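To keep things clear, I will list the structure first and then write my remarks on it.
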Amino acid sequence: MQLRIIVCYLLLIYLEASICLQIVGVSIPNLKQRGESVTMTCDYDLEGGKLYSVKWYKDNEEFYRYMPRLKPPQHSHRVEGVKVDMERSSARRVHLRDLTLKSRGLYRCEVSEEAPSFHSAQSEAFMEVYYISRENPRIVGYERLYQIHEPLDVNCSSAKAFPPPLLEWHVDGQLVTEPSWLIEYEPAATSQGFFISTLGLRAPAKPHLRLKCVAILANHKRERTIFIQTNSSPGQLEASLDLIIIFIVSNIIYQKIS
Ligand SMILES: *[C@@H]1O[C@H](CO)[C@@H](O)[C@H](O)[C@H]1NC(C)=O
């Protein structure tokens with residue numbers, strides 16, 4: 001052991017490389033929901049050295065430090081979007097409560113050894129924070145008359161969310177993948193920093209159709225289904241489709257995508 005430490009210091013002096021102290025693993029989740037809490041861990045191996053400090057940063061701003069020499073050893077600094085639960089934080093972890101969209105960012109753990117080496121090691125990862133409203137997407141544009149085989153001109157818009165949710169169209173149970181049927185629009189930003197995604201559908205009109213739009217974000221899905229059918233008088237059958245909405249089904253599904 002003694003020899004190993006000596007070798008370690010010698011290497012440090014000559015190489016200034018991170019051989020002695022090393023971070024053996026940080027765990028920073030890459031995706032959390034607004035309102036949740038999170039525990040981030042930072043595991044390090046001092047290789048015989050003494051711990052001087054562990055510091056945590058969000059986007060280069062320090063929000064937590066642990067220094068065993070101080071009484072108490074823990075200190076937190078005010079950083080927007082970061083609420084440290086001191087009781088659940090320690091020399092190897094920080095616990096953050098009530099995540100907001102401001103909590104998204106690059107988190108870094110930095111570990112330093114005491115003199116004489118003052119050697120340090122760090123590791124970082126980005127955490128995204130998402131939000132999705134409980135509301136289902138809206139479908140608009142099916143109210144007017146369509147000629148048979150004329151393409152539909154309908155839009156599906158998600159409720160507000162961050163980041164913009166992915167949208168899917170399903171026609172009669174089939175996921176639409178035909179690019180010429182789909183019209184992509186830029187997500188619209190709302191004043192509170194959320195987004196509304198919109199996807200247009202230009203599928204050919206048919207006498208009976210079941211249209212479903214699904215908004216997907218993280219492991220959440222919101223969907224709306226509409227059933228439409230013709231109300232044509234004889235002789236006019238091929239002329240126009242008077243699309244009548246029978247009923248609208250909407251539901252909220254919380255489910256794993258995979
Ligand atoms: C669909 O949304 C786009 C973008 O917001 C808009 O320009 C277009 O008029 C909408 N179409 C219908 C049928 O609502």
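Letters A, B, ... go to the chains of the structure tokens in the order shown; residues in each chain start at 1; ligands are counted from 1 in the same order.
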
Taking only C-alpha atoms and all ligand atoms into account, list the residues no farther than 7 Å from ligand 1, as a compact mmCIF listing (two decimals) with N, CA and C atoms, in the first residue's frame.
```txt
# COMPACT_ATOMS: atom_id res chain seq x y z
N VAL A 140 -58.01 19.26 -35.90
CA VAL A 140 -58.85 20.29 -36.55
C VAL A 140 -58.81 20.10 -38.05
N GLY A 141 -59.87 20.56 -38.72
CA GLY A 141 -59.88 20.58 -40.19
C GLY A 141 -60.73 19.49 -40.81
N ASP A 153 -57.38 17.44 -45.14
CA ASP A 153 -56.53 18.57 -44.77
C ASP A 153 -56.75 18.80 -43.28
N VAL A 154 -56.22 17.89 -42.48
CA VAL A 154 -56.43 17.98 -41.03
C VAL A 154 -55.09 18.16 -40.32
N ASN A 155 -55.18 18.78 -39.18
CA ASN A 155 -53.99 19.00 -38.36
C ASN A 155 -54.21 18.35 -37.00
N TYR A 185 -44.79 20.68 -39.33
CA TYR A 185 -44.69 22.11 -39.04
C TYR A 185 -43.70 22.31 -37.90
N THR A 198 -47.27 20.39 -34.13
CA THR A 198 -48.39 20.21 -35.08
C THR A 198 -47.93 19.32 -36.23
N GLY A 200 -49.63 17.73 -39.88
CA GLY A 200 -50.77 17.68 -40.79
C GLY A 200 -50.91 16.31 -41.43
```

Compile the contact shell of region 186-197 of chain A as a PDB file with N, CA and C atoms, in the first residue's frame: residues with an atom at most 6 Å away, counting only C-alpha atoms, same-chain residues fewer than 2 positions apart removed.
```pdb
ATOM      1  N   SER A 157     -52.597  18.917 -33.166  1.00  0.00           N
ATOM      2  CA  SER A 157     -51.709  19.736 -32.348  1.00  0.00           C
ATOM      3  C   SER A 157     -51.683  19.198 -30.933  1.00  0.00           C
ATOM      4  N   SER A 158     -50.480  19.063 -30.400  1.00  0.00           N
ATOM      5  CA  SER A 158     -50.331  18.579 -29.023  1.00  0.00           C
ATOM      6  C   SER A 158     -50.763  19.675 -28.055  1.00  0.00           C
ATOM      7  N   ALA A 159     -50.998  19.303 -26.805  1.00  0.00           N
ATOM      8  CA  ALA A 159     -51.126  20.301 -25.745  1.00  0.00           C
ATOM      9  C   ALA A 159     -49.709  20.788 -25.444  1.00  0.00           C
ATOM     10  N   LYS A 160     -49.593  21.791 -24.578  1.00  0.00           N
ATOM     11  CA  LYS A 160     -48.263  22.351 -24.325  1.00  0.00           C
ATOM     12  C   LYS A 160     -47.358  21.346 -23.608  1.00  0.00           C
ATOM     13  N   ALA A 161     -46.096  21.388 -23.991  1.00  0.00           N
ATOM     14  CA  ALA A 161     -45.139  20.413 -23.461  1.00  0.00           C
ATOM     15  C   ALA A 161     -43.738  20.946 -23.647  1.00  0.00           C
ATOM     16  N   PHE A 162     -42.801  20.319 -22.958  1.00  0.00           N
ATOM     17  CA  PHE A 162     -41.388  20.627 -23.184  1.00  0.00           C
ATOM     18  C   PHE A 162     -40.578  19.348 -23.005  1.00  0.00           C
ATOM     19  N   PRO A 164     -40.695  19.705 -27.440  1.00  0.00           N
ATOM     20  CA  PRO A 164     -41.854  19.428 -28.289  1.00  0.00           C
ATOM     21  C   PRO A 164     -42.117  17.928 -28.411  1.00  0.00           C
TER      22      PRO A 164
END
```

message = For the structure I just gave you, how does DSSP split region 30-196 of chain A - specifically, which residues are strand (DSSP E)? Reply as a PyMOL selection string.
response = chain A and resi 31-33+38-45+51-58+61-66+74-76+93-96+105-113+120-132+138-140+154-157+161-162+166-171+174-175+182-184+188-189+195-196

query = Tell me, which residues of region 13-117 of chain A carry DSSP helix (DSSP H, G or I), written as a ChimeraX atom specification?
reply = /A:13-15,86-88,101-103

Generate the output file for the selected residues, C-alpha atoms, as a compact mmCIF listing (two decimals), in the first residue's frame.
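To be explicit, this is the file written out as out_29.txt:
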```
# COMPACT_ATOMS: atom_id res chain seq x y z
CA ILE A 13 4.75 14.94 -9.88
CA TYR A 14 6.18 13.74 -13.16
CA LEU A 15 3.09 13.24 -15.22
CA MET A 86 -29.36 18.43 2.60
CA GLU A 87 -30.54 15.53 4.74
CA ARG A 88 -30.49 13.21 1.78
CA LEU A 101 -37.72 23.24 -16.46
CA LYS A 102 -34.93 25.47 -15.09
CA SER A 103 -33.34 22.36 -13.56
```

query = So which residues touch Val176 (chain A) within 12 Å, counting only C-alpha atoms, skipping near sequence neighbours fewer than 2 positions away, as a list in words?
reply =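 The contact residues come out as Leu167, Glu168, Trp169, His170, Val171, Asp172, Gly173, Gln174, Glu178, Pro179, Ser180, Trp181, Leu182, Ile183, Leu199, Gly200, Leu201, Arg202, Ala203, Leu211, Lys212, Cys213 and Val214 of chain A.
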
Who sits within 6 Å of Ile23 (chain A), only C-alpha atoms, same chain under 2 positions skipped, as a compact mmCIF listing (two decimals) with C-alpha atoms, in the first residue's frame:
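The result, written out as part-v7.txt:
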```txt
# COMPACT_ATOMS: atom_id res chain seq x y z
CA GLY A 25 -18.82 6.51 -11.73
CA ASP A 43 -18.41 7.59 -6.70
CA TYR A 44 -14.70 8.11 -6.36
```

inquiry  = Between CA of Ala91 (chain A) and CA of Ser117 (chain A), what distance in Å does the model show, to one decimal?
reply    =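 One can read the CA of Ala91 (chain A) to CA of Ser117 (chain A) distance as 19.5 Å.
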
request  = Kindly indicate which residue among A:Leu209, A:Leu70, A:Ile216, A:Leu152 lies nearest to Tyr131 (chain A), using only C-alpha atoms for the distances.
outcome  =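 Of A:Leu209, A:Leu70, A:Ile216, A:Leu152, the one nearest Tyr131 (chain A), counting only C-alpha atoms, is A:Ile216.
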
query = What gap, in Å, lies between CA of His149 (chain A) and CA of Thr225 (chain A)?
reply = 21.2 Å

Within 10 Å of Leu21 (chain A) using only C-alpha atoms, minus same-chain residues under 4 positions, as number ranges by chain = A: 8, 17, 44-51, 111-113, 117-122

ask   = In terms of the shortest atom-to-atom distance over only C-alpha atoms, which of A:Phe227, A:Phe63, A:Tyr107, A:Tyr146 is closest to Thr41 (chain A)?
value = A:Tyr107

query = Mind pulling up the distance from CA of Ile228 (chain A) to CA of Ile148 (chain A)?
reply =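 A separation of 13.5 Å between them.
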
Show me, as CSV, the residues of region 108-219 of chain A having an atom within 6 Å of region 54-58 of chain A, each with the closest atom pair and its distance in Å, using only C-alpha atoms.
```
residue,atom,partner,partner_atom,distance
A:Arg108,CA,A:Tyr57,CA,5.0
A:Cys109,CA,A:Trp56,CA,4.6
A:Glu110,CA,A:Lys55,CA,5.1
A:Val111,CA,A:Val54,CA,4.5
```

inquiry  = For a quick check of understanding, using only C-alpha atoms, which of A:Arg210, A:Arg34, A:His220, A:His77 has the smallest distance to Arg97 (chain A)?
reply    = A:Arg34
